[in-house]
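First up is the structure itself, then whatever we jot down about it.
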Amino acid sequence: KLILLDSLLQERFKTMTLLRICFVMWLMVSSVLSVQMDWGDNPDLVEESFTIQGREHIKLMVVLVGESIDLECQVLFTSKPVSQIRWRFNGKQRDQSENQILETKDGDVFIENHFKINNITEDMDGSTVTCEYAKGEYADRVEASLNIFKLEIETSEDICETCDGDVKLIFKEAKRSSPNETNVDRRIRSKIAKMTNVQFDDITVDNDEYSVSLPIATVKDNQAILAMRPHLLFNGNLGSDNITLTACKCDLSRWTKGWNMVYGIWNMVWNMSKKLKWN
């Protein structure tokens, strides 16, 4: 009987130990599963149109040359003490631009941090920004791939000199294209419509290029367009040394000469008519 009792106690001890281990593991797993990462609200961040398994953490960011971006990374339902959010640009760790913000609500801990890039340039097209967070058994990341659009303006030398006539604004991705990305297409057209004050459906799309026509005077007064530092295309060809819109000086000298000639002829006729009258 004593042997049987001892055997039963050992079995119970093993069972209790196993239950304790399972409970601890459940606590660890549940705490890891409850933590979430995401990007803060940003209309320029869009989902991939066809998300491939393993890329659920990646979003596409639609940006124009000359713009500045502010990415907000959020960690939800973590616990104290919190870890530091880490940023990477093209795989290389970047220093924090700001201190992360911590908020506690109903016992849940939320943190956020921001990553800023001022004055986006063409060569950043295709770059990636990654936000990472790790605490205990939890480690995850979210990623944004930059889709940078540049601007070229198709004009003629005559329009450039006189600032009279329409020019064609051509927006296209700086270093690559994003075929079949309907979310990118929708967002870039929305940004172009807002910048140029044209209707969404008035933007022409051809081979991943987006174009609108505007009077050159309107273009030169649009600060958002000028901030993109657009290059000029003369009759479809890129100007020498990547000439920008500032090269169009609106030289009205030809018109001035023409009016001076007309005025001279009119003045001569007027003087002759006065002489004939007095004679």
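By convention here, the chains of the structure tokens are called A, B, ... in the order presented, each chain's residues are numbered starting at 1, and ligands are numbered starting at 1 in the order presented.
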Spatial neighbours of range 141-146 of chain A, max dist 7 Å, only C-alpha atoms, sep filter under 5 positions, as an mmCIF file with N, CA, C and O atoms, in the first residue's frame:
```
data_model
loop_
_atom_site.group_PDB
_atom_site.id
_atom_site.type_symbol
_atom_site.label_atom_id
_atom_site.label_comp_id
_atom_site.auth_asym_id
_atom_site.auth_seq_id
_atom_site.Cartn_x
_atom_site.Cartn_y
_atom_site.Cartn_z
ATOM 1 N N MET A 37 1.939 45.508 -33.904
ATOM 2 C CA MET A 37 2.640 46.651 -34.514
ATOM 3 C C MET A 37 1.868 47.120 -35.734
ATOM 4 O O MET A 37 1.277 46.319 -36.459
ATOM 5 N N ASP A 38 1.891 48.430 -35.955
ATOM 6 C CA ASP A 38 1.212 48.970 -37.127
ATOM 7 C C ASP A 38 1.726 50.379 -37.387
ATOM 8 O O ASP A 38 2.367 50.999 -36.528
ATOM 9 N N HIS A 57 3.443 42.679 -43.686
ATOM 10 C CA HIS A 57 3.951 43.797 -42.874
ATOM 11 C C HIS A 57 4.425 44.970 -43.732
ATOM 12 O O HIS A 57 4.849 45.995 -43.196
ATOM 13 N N ILE A 58 4.357 44.835 -45.061
ATOM 14 C CA ILE A 58 4.892 45.858 -45.964
ATOM 15 C C ILE A 58 3.769 46.715 -46.540
ATOM 16 O O ILE A 58 2.736 46.205 -46.983
ATOM 17 N N LYS A 59 3.982 48.024 -46.533
ATOM 18 C CA LYS A 59 3.079 48.957 -47.205
ATOM 19 C C LYS A 59 3.880 49.809 -48.189
ATOM 20 O O LYS A 59 5.110 49.904 -48.104
ATOM 21 N N LEU A 60 3.159 50.432 -49.123
ATOM 22 C CA LEU A 60 3.776 51.290 -50.138
ATOM 23 C C LEU A 60 3.465 52.742 -49.804
ATOM 24 O O LEU A 60 2.325 53.078 -49.484
ATOM 25 N N MET A 61 4.491 53.601 -49.878
ATOM 26 C CA MET A 61 4.282 55.015 -49.586
ATOM 27 C C MET A 61 4.460 55.830 -50.867
ATOM 28 O O MET A 61 5.507 55.768 -51.514
ATOM 29 N N VAL A 62 3.407 56.562 -51.224
ATOM 30 C CA VAL A 62 3.394 57.343 -52.460
ATOM 31 C C VAL A 62 3.805 58.777 -52.130
ATOM 32 O O VAL A 62 3.122 59.484 -51.394
ATOM 33 N N ASP A 125 13.767 56.685 -54.572
ATOM 34 C CA ASP A 125 12.736 55.794 -55.081
ATOM 35 C C ASP A 125 13.160 54.338 -54.867
ATOM 36 O O ASP A 125 14.277 53.935 -55.215
ATOM 37 N N GLY A 126 12.270 53.539 -54.302
ATOM 38 C CA GLY A 126 12.576 52.138 -54.023
ATOM 39 C C GLY A 126 13.204 51.902 -52.668
ATOM 40 O O GLY A 126 13.420 50.746 -52.271
ATOM 41 N N SER A 127 13.509 52.961 -51.931
ATOM 42 C CA SER A 127 14.101 52.813 -50.602
ATOM 43 C C SER A 127 13.067 52.256 -49.623
ATOM 44 O O SER A 127 11.855 52.344 -49.856
ATOM 45 N N THR A 128 13.553 51.698 -48.525
ATOM 46 C CA THR A 128 12.665 51.132 -47.511
ATOM 47 C C THR A 128 12.929 51.758 -46.149
ATOM 48 O O THR A 128 14.073 52.038 -45.795
ATOM 49 N N VAL A 129 11.854 51.979 -45.406
ATOM 50 C CA VAL A 129 11.926 52.436 -44.019
ATOM 51 C C VAL A 129 11.319 51.335 -43.155
ATOM 52 O O VAL A 129 10.188 50.905 -43.405
ATOM 53 N N THR A 130 12.073 50.874 -42.164
ATOM 54 C CA THR A 130 11.632 49.774 -41.322
ATOM 55 C C THR A 130 11.565 50.199 -39.864
ATOM 56 O O THR A 130 12.483 50.858 -39.364
ATOM 57 N N CYS A 131 10.476 49.830 -39.202
ATOM 58 C CA CYS A 131 10.303 50.067 -37.766
ATOM 59 C C CYS A 131 10.334 48.716 -37.068
ATOM 60 O O CYS A 131 9.580 47.807 -37.433
ATOM 61 N N GLU A 132 11.199 48.583 -36.052
ATOM 62 C CA GLU A 132 11.382 47.309 -35.352
ATOM 63 C C GLU A 132 11.104 47.472 -33.857
ATOM 64 O O GLU A 132 11.391 48.519 -33.269
ATOM 65 N N TYR A 133 10.561 46.403 -33.255
ATOM 66 C CA TYR A 133 10.338 46.397 -31.817
ATOM 67 C C TYR A 133 10.544 44.986 -31.294
ATOM 68 O O TYR A 133 10.066 44.005 -31.888
#
```
Sel. of strand (DSSP E or B) residues, range 23-120 of chain A, as a VMD selection string: chain A and resid 36 to 39 45 to 47 58 to 64 69 to 78 86 to 89 92 to 94 101 to 105 108 to 117
As a count of residues only, list the residues of range 83-278 of chain A assigned to helix (DSSP H, G or I) by DSSP on the backbone atoms of this structure. 66
Shell around Asp95 in chain A at 10 Å using only C-alpha atoms, local window under 5 positions removed, as a list in words: Arg86, Trp87, Arg88 and Phe115 of chain A
Nearest-residue call for Leu245 in chain A, choices A:Glu112, A:Glu154, A:Glu209, A:Asp185, using only C-alpha atoms: A:Glu154
Give me, as a PDB file with all heavy atoms, in the first residue's frame, all polymer residues having an atom no more than 8 Å from range 205-208 of chain A, counting only C-alpha atoms and skipping those fewer than 4 positions away in the same chain.
```pdb
ATOM      1  N   LYS A 172       5.906  60.672 -63.213  1.00  0.00           N
ATOM      2  CA  LYS A 172       6.242  59.251 -63.326  1.00  0.00           C
ATOM      3  C   LYS A 172       7.222  58.874 -62.227  1.00  0.00           C
ATOM      4  O   LYS A 172       7.945  59.725 -61.700  1.00  0.00           O
ATOM      5  CB  LYS A 172       6.833  58.926 -64.692  1.00  0.00           C
ATOM      6  CG  LYS A 172       8.085  59.692 -65.068  1.00  0.00           C
ATOM      7  CD  LYS A 172       8.504  59.338 -66.483  1.00  0.00           C
ATOM      8  CE  LYS A 172       9.718  60.119 -66.915  1.00  0.00           C
ATOM      9  NZ  LYS A 172      10.114  59.806 -68.317  1.00  0.00           N
ATOM     10  N   GLU A 173       7.213  57.576 -61.885  1.00  0.00           N
ATOM     11  CA  GLU A 173       8.091  57.128 -60.816  1.00  0.00           C
ATOM     12  C   GLU A 173       9.544  57.318 -61.232  1.00  0.00           C
ATOM     13  O   GLU A 173       9.913  57.070 -62.383  1.00  0.00           O
ATOM     14  CB  GLU A 173       7.802  55.676 -60.460  1.00  0.00           C
ATOM     15  CG  GLU A 173       8.275  55.305 -59.074  1.00  0.00           C
ATOM     16  CD  GLU A 173       7.657  54.020 -58.536  1.00  0.00           C
ATOM     17  OE1 GLU A 173       6.679  53.530 -59.127  1.00  0.00           O
ATOM     18  OE2 GLU A 173       8.167  53.523 -57.513  1.00  0.00           O
ATOM     19  N   SER A 177       8.897  51.365 -62.009  1.00  0.00           N
ATOM     20  CA  SER A 177       7.462  51.510 -62.204  1.00  0.00           C
ATOM     21  C   SER A 177       6.737  50.527 -61.285  1.00  0.00           C
ATOM     22  O   SER A 177       7.329  49.575 -60.783  1.00  0.00           O
ATOM     23  CB  SER A 177       7.081  51.238 -63.669  1.00  0.00           C
ATOM     24  OG  SER A 177       7.440  49.910 -64.040  1.00  0.00           O
ATOM     25  N   SER A 178       5.458  50.788 -61.059  1.00  0.00           N
ATOM     26  CA  SER A 178       4.657  49.933 -60.172  1.00  0.00           C
ATOM     27  C   SER A 178       3.436  49.425 -60.934  1.00  0.00           C
ATOM     28  O   SER A 178       2.309  49.867 -60.702  1.00  0.00           O
ATOM     29  CB  SER A 178       4.225  50.721 -58.932  1.00  0.00           C
ATOM     30  OG  SER A 178       5.342  51.209 -58.233  1.00  0.00           O
ATOM     31  N   PRO A 179       3.660  48.493 -61.891  1.00  0.00           N
ATOM     32  CA  PRO A 179       2.534  48.004 -62.698  1.00  0.00           C
ATOM     33  C   PRO A 179       1.519  47.245 -61.854  1.00  0.00           C
ATOM     34  O   PRO A 179       1.866  46.536 -60.910  1.00  0.00           O
ATOM     35  CB  PRO A 179       3.219  47.069 -63.706  1.00  0.00           C
ATOM     36  CG  PRO A 179       4.484  46.627 -63.023  1.00  0.00           C
ATOM     37  CD  PRO A 179       4.919  47.813 -62.200  1.00  0.00           C
TER      38      PRO A 179
END
```
From the set A:Val65, A:Thr244, A:Val75, A:Lys220, which residue has the shortest atom-to-atom contact distance to Ala139 in chain A, counting only C-alpha atoms?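 Selected residue with least distance to Ala139 in chain A: A:Val75.
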Using Å and a single decimal, report how far CA of Asn99 in chain A sits from CA of Gln74 in chain A.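 Spanning CA of Gln74 in chain A to CA of Asn99 in chain A is a straight-line distance of 13.2 Å.
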Let me make sure I understand: among A:His114, A:Lys194, A:Lys168, A:Lys92, which one has the smallest atom-to-atom distance to Ala224 in chain A if we use only C-alpha atoms? A:Lys194
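As for CA of Thr162 in chain A and CA of Thr246 in chain A, they are spaced 13.1 Å apart.
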From the options A:Ile153, A:Ala134, A:Ile170, A:Ala217, which residue's atoms come nearest to His231 in chain A, counting only C-alpha atoms? A:Ile153
Surrounding residues of Met195 in chain A excluding itself and chain neighbours under 4 positions, 9 Å, only C-alpha atoms, as a list in words: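 With the cut-off at 9 Å, the set is Ser190, Lys191, Asn222, Ala224 and Ile225 of chain A.
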Once you have the residues from the selection above, write them out as a PDB file, in the first residue's frame, restricted to N, CA and C atoms.
```
ATOM      1  N   SER A 190      -4.822  61.108 -57.010  1.00  0.00           N
ATOM      2  CA  SER A 190      -5.442  62.003 -56.031  1.00  0.00           C
ATOM      3  C   SER A 190      -4.491  63.147 -55.679  1.00  0.00           C
ATOM      4  N   LYS A 191      -3.219  62.854 -55.527  1.00  0.00           N
ATOM      5  CA  LYS A 191      -2.240  63.892 -55.190  1.00  0.00           C
ATOM      6  C   LYS A 191      -2.044  64.864 -56.356  1.00  0.00           C
ATOM      7  N   ASN A 222       2.427  78.103 -59.247  1.00  0.00           N
ATOM      8  CA  ASN A 222       2.062  76.999 -58.353  1.00  0.00           C
ATOM      9  C   ASN A 222       3.296  76.569 -57.553  1.00  0.00           C
ATOM     10  N   ALA A 224       3.643  74.379 -55.183  1.00  0.00           N
ATOM     11  CA  ALA A 224       3.780  72.931 -55.003  1.00  0.00           C
ATOM     12  C   ALA A 224       4.477  72.299 -56.211  1.00  0.00           C
ATOM     13  N   ILE A 225       4.144  72.788 -57.411  1.00  0.00           N
ATOM     14  CA  ILE A 225       4.799  72.288 -58.627  1.00  0.00           C
ATOM     15  C   ILE A 225       6.270  72.706 -58.644  1.00  0.00           C
TER      16      ILE A 225
END
```
At a cut-off of 9 Å, using only C-alpha atoms, what residues contact Glu181 in chain A? Leave out same-chain residues fewer than 4 positions from it and give the result as an NGL selection string. :A and (48-50 or 185-186)
Next, the residues of the selection above should be written as a compact mmCIF listing (two decimals), in the first residue's frame with C-alpha atoms.
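Result saved to selection-v5.txt:
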```txt
# COMPACT_ATOMS: atom_id res chain seq x y z
CA GLU A 48 -0.05 46.30 -51.86
CA SER A 49 -2.77 45.43 -54.36
CA PHE A 50 -1.85 41.75 -54.28
CA ASP A 185 -2.43 54.53 -59.02
CA ARG A 186 -5.40 55.82 -57.05
```
Tell me, as JSON, numbers by chain, which residues lie within 10 Å of Lys80 in chain A, counting only C-alpha atoms; anything in the same chain fewer than 5 positions away does not count. {"A": [102, 104, 108, 109, 110, 135]}
Could you save those same residues with all heavy atoms as a compact mmCIF listing (two decimals), in the first residue's frame?
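In the end it all went to result-v5.txt:
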```txt
# COMPACT_ATOMS: atom_id res chain seq x y z
N LEU A 102 4.80 57.26 -24.72
CA LEU A 102 4.21 56.12 -24.00
C LEU A 102 2.87 56.54 -23.41
O LEU A 102 2.75 57.61 -22.81
CB LEU A 102 5.16 55.63 -22.90
CG LEU A 102 4.74 54.37 -22.13
CD1 LEU A 102 5.97 53.60 -21.68
CD2 LEU A 102 3.89 54.72 -20.90
N THR A 104 -0.60 54.78 -21.23
CA THR A 104 -1.22 53.63 -20.56
C THR A 104 -2.72 53.85 -20.47
O THR A 104 -3.17 54.92 -20.05
CB THR A 104 -0.64 53.44 -19.16
OG1 THR A 104 0.78 53.28 -19.25
CG2 THR A 104 -1.23 52.22 -18.49
N ASP A 108 -3.32 48.63 -20.34
CA ASP A 108 -2.60 48.32 -21.57
C ASP A 108 -1.61 49.45 -21.88
O ASP A 108 -1.89 50.63 -21.65
CB ASP A 108 -3.57 48.15 -22.74
CG ASP A 108 -4.48 46.95 -22.56
OD1 ASP A 108 -3.97 45.90 -22.11
OD2 ASP A 108 -5.68 47.05 -22.87
N VAL A 109 -0.46 49.07 -22.43
CA VAL A 109 0.60 50.03 -22.71
C VAL A 109 0.74 50.20 -24.22
O VAL A 109 0.84 49.21 -24.96
CB VAL A 109 1.94 49.57 -22.10
CG1 VAL A 109 3.04 50.58 -22.41
CG2 VAL A 109 1.79 49.38 -20.59
N PHE A 110 0.77 51.46 -24.67
CA PHE A 110 0.91 51.79 -26.08
C PHE A 110 2.11 52.73 -26.24
O PHE A 110 2.28 53.66 -25.45
CB PHE A 110 -0.34 52.49 -26.62
CG PHE A 110 -1.61 51.73 -26.37
CD1 PHE A 110 -2.30 51.85 -25.17
CD2 PHE A 110 -2.12 50.88 -27.34
CE1 PHE A 110 -3.47 51.16 -24.94
CE2 PHE A 110 -3.30 50.18 -27.12
CZ PHE A 110 -3.98 50.32 -25.92
N LYS A 135 10.78 42.75 -27.43
CA LYS A 135 10.69 42.71 -25.96
C LYS A 135 10.45 41.27 -25.53
O LYS A 135 9.42 40.68 -25.89
CB LYS A 135 9.58 43.61 -25.44
CG LYS A 135 9.36 43.53 -23.92
CD LYS A 135 8.25 44.45 -23.49
CE LYS A 135 7.83 44.18 -22.04
NZ LYS A 135 8.95 44.38 -21.10
```
Point-to-point distance from CA of Ile85 in chain A to CA of Glu103 in chain A, Å rounded to tenths: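 A separation of 14.4 Å between them.
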